Amino acid sequence: MFTCVNMLGLPNSLLIAAQAAAATTGIVAYVIYHRISPALKLRIVDVDTIPLSFRNSETVTHLVNPRNHVCMTDTLSAMVELPPQYQDISDEALLAQFISGYLGGYVLFPERTFFRTFRPAFTRFSMIDYNAVPQPIWYVSQLSRSELPQLHTVVFGGFQVGSIQMRQPHDGDAPGFNTESNIDFIYGKNTGEFAGAHRFSIIRPEKVRSGEMSKVCVRYASVSCNPMVNRPVKPEVLYTFHRTYGALLFREGVSQVMRCLKGVL
């Protein structure tokens, strides 16, 4: 193969680098596929709107989009079964597992590495007193798999905890469910051209029929906008990339929850 490619007349060093890059890409793709494989068999509901409770939340109306500008939105959700030994697992533990997969997994590795290396001031909201925020989280090992980061903690330089709500009455946008726990991560700058938020939720059903295994709904909702000017986030291809990237991150987060419930960490 090397000889055939070299017929192009390229320098050997460039060919070796290209082959190494191709091999690395293949390995990364395999690792990511392996990591998200538990979620591949799930039915994932994908819509281009967000729940009304999230749209009207303080996170969106006060931090990210106070001027109610046009925004990009999407929501992904999946039902995950709870084995008998995990019937009493807390919503916080499930959310912590999801975060460790979504933010601490392999899909986000390049972005995480960039922020940790260069540490740009990517996330900044004027409503938050940054002299009083908790210590930032820069390494995956700092993410707990049973407890959530504290309010206003900046995670990997790009995501900041904007809100935490545990076991609130569900708002009714998904009939048959009773309570919802969620954590919001904000990103970007409210004084710049791009800001947004992700909401990760665990939603519990009202009741389980006799003989059925109980389930929880794992949901991810996202909103992003230009907080200063009322126009769509540009370029438009960014939305397509966001949907694809977000779907991979969601699957790795859900896969981590499923691994936890199977006792595989």
# chains A, B, ... in the order shown; residues from 1 in each chain; ligands from 1

call {"tool": "select_by_dssp", "arguments": {"residues": "range 24-257 of chain A", "states": "strand (DSSP E or B)", "output": "tab-separated table (two decimals) with N, CA and C atoms, in the first residue's frame"}}
result
chain	number	residue	atom	x	y	z
A	44	ILE	N	-34.31	6.12	20.42
A	44	ILE	CA	-34.01	7.48	20.83
A	44	ILE	C	-34.94	8.43	20.09
A	45	VAL	N	-35.66	9.23	20.85
A	45	VAL	CA	-36.59	10.21	20.28
A	45	VAL	C	-35.83	11.52	20.07
A	46	ASP	N	-35.86	12.02	18.85
A	46	ASP	CA	-35.11	13.22	18.47
A	46	ASP	C	-36.08	14.25	17.91
A	47	VAL	N	-36.21	15.39	18.57
A	47	VAL	CA	-37.09	16.47	18.08
A	47	VAL	C	-36.31	17.77	18.05
A	71	CYS	N	-33.42	31.11	18.25
A	71	CYS	CA	-32.42	30.18	18.78
A	71	CYS	C	-32.52	28.81	18.10
A	72	MET	N	-31.46	28.05	18.21
A	72	MET	CA	-31.43	26.67	17.75
A	72	MET	C	-31.80	25.77	18.94
A	73	THR	N	-32.66	24.81	18.71
A	73	THR	CA	-33.08	23.93	19.80
A	73	THR	C	-33.15	22.48	19.33
A	74	ASP	N	-32.94	21.57	20.23
A	74	ASP	CA	-33.17	20.15	19.96
A	74	ASP	C	-33.23	19.38	21.27
A	75	THR	N	-33.89	18.24	21.23
A	75	THR	CA	-34.06	17.40	22.41
A	75	THR	C	-33.92	15.94	22.01
A	76	LEU	N	-33.18	15.19	22.80
A	76	LEU	CA	-33.03	13.75	22.63
A	76	LEU	C	-33.46	13.08	23.92
A	77	SER	N	-34.15	11.96	23.80
A	77	SER	CA	-34.57	11.23	25.01
A	77	SER	C	-34.59	9.74	24.74
A	78	ALA	N	-34.39	8.96	25.80
A	78	ALA	CA	-34.38	7.50	25.70
A	78	ALA	C	-34.86	6.91	27.02
A	79	MET	N	-35.57	5.79	26.94
A	79	MET	CA	-36.02	5.07	28.12
A	79	MET	C	-34.98	4.02	28.49
A	80	VAL	N	-34.60	3.99	29.76
A	80	VAL	CA	-33.60	3.05	30.25
A	80	VAL	C	-34.21	2.22	31.38
A	81	GLU	N	-34.07	0.92	31.28
A	81	GLU	CA	-34.62	0.03	32.31
A	81	GLU	C	-33.76	0.02	33.56
A	124	ARG	N	-18.49	32.75	29.97
A	124	ARG	CA	-18.52	33.91	30.87
A	124	ARG	C	-19.91	34.54	30.81
A	137	ILE	N	-13.26	22.19	37.37
A	137	ILE	CA	-12.93	20.79	37.10
A	137	ILE	C	-12.22	20.73	35.76
A	154	VAL	N	-17.27	25.41	36.83
A	154	VAL	CA	-16.89	25.37	35.42
A	154	VAL	C	-16.20	24.03	35.16
A	155	VAL	N	-16.73	23.28	34.21
A	155	VAL	CA	-16.22	21.94	33.91
A	155	VAL	C	-15.48	21.97	32.56
A	159	PHE	N	-18.02	24.42	30.05
A	159	PHE	CA	-19.37	24.18	30.52
A	159	PHE	C	-19.48	24.60	31.99
A	160	GLN	N	-20.49	25.39	32.30
A	160	GLN	CA	-20.66	25.87	33.67
A	160	GLN	C	-22.04	25.47	34.19
A	161	VAL	N	-22.08	24.95	35.41
A	161	VAL	CA	-23.35	24.54	36.00
A	161	VAL	C	-24.19	25.78	36.26
A	162	GLY	N	-25.33	25.87	35.59
A	162	GLY	CA	-26.19	27.03	35.72
A	162	GLY	C	-27.37	26.83	36.65
A	163	SER	N	-27.77	25.57	36.84
A	163	SER	CA	-28.93	25.27	37.68
A	163	SER	C	-28.94	23.78	38.02
A	164	ILE	N	-29.45	23.47	39.21
A	164	ILE	CA	-29.65	22.08	39.64
A	164	ILE	C	-31.02	22.00	40.31
A	165	GLN	N	-31.85	21.08	39.86
A	165	GLN	CA	-33.16	20.86	40.45
A	165	GLN	C	-33.36	19.36	40.66
A	166	MET	N	-33.70	18.97	41.87
A	166	MET	CA	-33.87	17.56	42.16
A	166	MET	C	-35.31	17.23	42.52
A	167	ARG	N	-35.84	16.19	41.86
A	167	ARG	CA	-37.16	15.64	42.12
A	167	ARG	C	-38.26	16.69	42.15
A	168	GLN	N	-38.33	17.48	41.10
A	168	GLN	CA	-39.40	18.46	40.96
A	168	GLN	C	-40.60	17.79	40.30
A	169	PRO	N	-41.82	18.28	40.59
A	169	PRO	CA	-42.99	17.74	39.87
A	169	PRO	C	-42.80	17.94	38.37
A	177	PHE	N	-45.53	10.61	33.35
A	177	PHE	CA	-44.36	10.77	34.20
A	177	PHE	C	-44.69	11.69	35.37
A	178	ASN	N	-43.93	11.50	36.44
A	178	ASN	CA	-44.28	12.15	37.69
A	178	ASN	C	-43.27	13.20	38.14
A	179	THR	N	-42.01	12.81	38.28
A	179	THR	CA	-41.00	13.74	38.79
A	179	THR	C	-39.83	13.88	37.82
A	180	GLU	N	-39.14	15.00	37.93
A	180	GLU	CA	-37.98	15.27	37.08
A	180	GLU	C	-36.87	15.89	37.91
A	181	SER	N	-35.66	15.40	37.69
A	181	SER	CA	-34.46	16.02	38.25
A	181	SER	C	-33.58	16.45	37.07
A	182	ASN	N	-32.97	17.62	37.16
A	182	ASN	CA	-32.16	18.05	36.04
A	182	ASN	C	-31.00	18.94	36.48
A	183	ILE	N	-30.04	19.04	35.60
A	183	ILE	CA	-28.90	19.94	35.79
A	183	ILE	C	-28.67	20.65	34.47
A	184	ASP	N	-28.46	21.96	34.54
A	184	ASP	CA	-28.21	22.77	33.35
A	184	ASP	C	-26.74	23.15	33.27
A	185	PHE	N	-26.17	23.02	32.09
A	185	PHE	CA	-24.82	23.50	31.82
A	185	PHE	C	-24.92	24.62	30.79
A	186	ILE	N	-24.34	25.77	31.11
A	186	ILE	CA	-24.34	26.90	30.19
A	186	ILE	C	-22.97	27.03	29.55
A	187	TYR	N	-22.93	27.64	28.38
A	187	TYR	CA	-21.65	27.81	27.68
A	187	TYR	C	-21.72	29.05	26.81
A	188	GLY	N	-20.55	29.55	26.42
A	188	GLY	CA	-20.49	30.78	25.63
A	188	GLY	C	-20.46	32.02	26.51
A	189	LYS	N	-20.89	33.14	25.96
A	189	LYS	CA	-20.89	34.41	26.69
A	189	LYS	C	-22.18	35.18	26.40
A	195	ALA	N	-24.10	31.85	22.78
A	195	ALA	CA	-24.33	31.34	24.13
A	195	ALA	C	-25.37	30.23	24.05
A	196	GLY	N	-25.33	29.34	25.02
A	196	GLY	CA	-26.29	28.25	24.99
A	196	GLY	C	-26.34	27.50	26.31
A	197	ALA	N	-27.17	26.48	26.33
A	197	ALA	CA	-27.32	25.67	27.53
A	197	ALA	C	-27.76	24.26	27.16
A	198	HIS	N	-27.26	23.30	27.93
A	198	HIS	CA	-27.73	21.92	27.85
A	198	HIS	C	-28.45	21.59	29.16
A	199	ARG	N	-29.58	20.93	29.06
A	199	ARG	CA	-30.26	20.42	30.25
A	199	ARG	C	-30.27	18.89	30.19
A	200	PHE	N	-29.70	18.27	31.23
A	200	PHE	CA	-29.72	16.82	31.38
A	200	PHE	C	-30.77	16.47	32.43
A	201	SER	N	-31.69	15.57	32.09
A	201	SER	CA	-32.81	15.28	32.99
A	201	SER	C	-32.98	13.77	33.20
A	202	ILE	N	-33.42	13.43	34.40
A	202	ILE	CA	-33.92	12.09	34.72
A	202	ILE	C	-35.38	12.25	35.09
A	203	ILE	N	-36.26	11.59	34.34
A	203	ILE	CA	-37.70	11.73	34.54
A	203	ILE	C	-38.26	10.37	34.96
A	204	ARG	N	-38.99	10.36	36.06
A	204	ARG	CA	-39.53	9.11	36.61
A	204	ARG	C	-41.00	8.93	36.22
A	205	PRO	N	-41.40	7.69	35.90
A	205	PRO	CA	-42.81	7.43	35.59
A	205	PRO	C	-43.67	7.46	36.84
A	215	LYS	N	-38.65	1.87	34.53
A	215	LYS	CA	-37.77	2.59	33.63
A	215	LYS	C	-37.67	4.05	34.04
A	216	VAL	N	-36.63	4.71	33.57
A	216	VAL	CA	-36.52	6.15	33.69
A	216	VAL	C	-36.27	6.71	32.31
A	217	CYS	N	-36.66	7.94	32.11
A	217	CYS	CA	-36.38	8.64	30.86
A	217	CYS	C	-35.14	9.51	31.06
A	218	VAL	N	-34.14	9.29	30.24
A	218	VAL	CA	-32.94	10.12	30.23
A	218	VAL	C	-33.12	11.12	29.08
A	219	ARG	N	-33.05	12.40	29.40
A	219	ARG	CA	-33.34	13.41	28.38
A	219	ARG	C	-32.26	14.49	28.34
A	220	TYR	N	-31.94	14.88	27.13
A	220	TYR	CA	-30.98	15.96	26.87
A	220	TYR	C	-31.69	17.01	26.03
A	221	ALA	N	-31.69	18.25	26.47
A	221	ALA	CA	-32.28	19.34	25.70
A	221	ALA	C	-31.23	20.44	25.54
A	222	SER	N	-31.21	21.05	24.37
A	222	SER	CA	-30.17	22.04	24.10
A	222	SER	C	-30.75	23.27	23.42
A	223	VAL	N	-30.23	24.42	23.79
A	223	VAL	CA	-30.63	25.68	23.16
A	223	VAL	C	-29.39	26.54	22.99
A	224	SER	N	-29.27	27.20	21.84
A	224	SER	CA	-28.16	28.12	21.62
A	224	SER	C	-28.64	29.28	20.77
A	225	CYS	N	-28.00	30.43	20.93
A	225	CYS	CA	-28.47	31.64	20.25
A	225	CYS	C	-27.35	32.66	20.18

call {"tool": "select_by_dssp", "arguments": {"residues": "range 80-247 of chain A", "states": "helix (DSSP H, G or I)", "output": "ChimeraX atom specification"}}
result
/A:84-86,91-102,109-118,140-142,237-247

call {"tool": "atom_distance", "arguments": {"atom1": "CA of Met213 in chain A", "atom2": "CA of Pro84 in chain A"}}
result
7.6 Å

call {"tool": "closest_residue", "arguments": {"among": "A:Tyr106, A:Ser214, A:Lys262, A:Arg119", "to": "Val31 in chain A", "atoms": "only C-alpha atoms"}}
result
A:Tyr106

call {"tool": "residues_around", "arguments": {"residues": "Arg251 in chain A", "least_positions_apart": "5", "cutoff": "10 Å", "atoms": "only C-alpha atoms", "output": "ChimeraX atom specification"}}
result
/A:33,35-40,42,44,76-78,98,101-102,107,246,256-257

call {"tool": "residues_around", "arguments": {"residues": "Gly158 in chain A", "least_positions_apart": "2", "cutoff": "6 Å", "atoms": "only C-alpha atoms", "output": "list in words"}}
result
Phe122, Thr123, Phe156 and Tyr187 of chain A

call {"tool": "atom_distance", "arguments": {"atom1": "CA of Glu193 in chain A", "atom2": "CA of Pro227 in chain A"}}
result
6.3 Å

call {"tool": "atom_distance", "arguments": {"atom1": "CA of Thr191 in chain A", "atom2": "CA of Met228 in chain A"}}
result
6.5 Å

call {"tool": "closest_atom_pairs", "arguments": {"of": "range 150-245 of chain A", "to": "range 126-134 of chain A", "cutoff": "8 Å", "atoms": "only C-alpha atoms", "output": "JSON lines"}}
result
{"residue": "A:Gln150", "atom": "CA", "partner": "A:Pro134", "partner_atom": "CA", "distance": 7.0}
{"residue": "A:Leu151", "atom": "CA", "partner": "A:Pro134", "partner_atom": "CA", "distance": 7.9}
{"residue": "A:His152", "atom": "CA", "partner": "A:Val133", "partner_atom": "CA", "distance": 5.7}
{"residue": "A:Thr153", "atom": "CA", "partner": "A:Pro134", "partner_atom": "CA", "distance": 5.4}
{"residue": "A:Val154", "atom": "CA", "partner": "A:Pro134", "partner_atom": "CA", "distance": 7.9}
{"residue": "A:Asn190", "atom": "CA", "partner": "A:Ser126", "partner_atom": "CA", "distance": 7.0}
{"residue": "A:Thr191", "atom": "CA", "partner": "A:Ser126", "partner_atom": "CA", "distance": 7.7}

call {"tool": "closest_residue", "arguments": {"among": "A:Ser57, A:Trp138, A:Gln85, A:Asp91", "to": "Phe109 in chain A", "atoms": "only C-alpha atoms"}}
result
A:Trp138
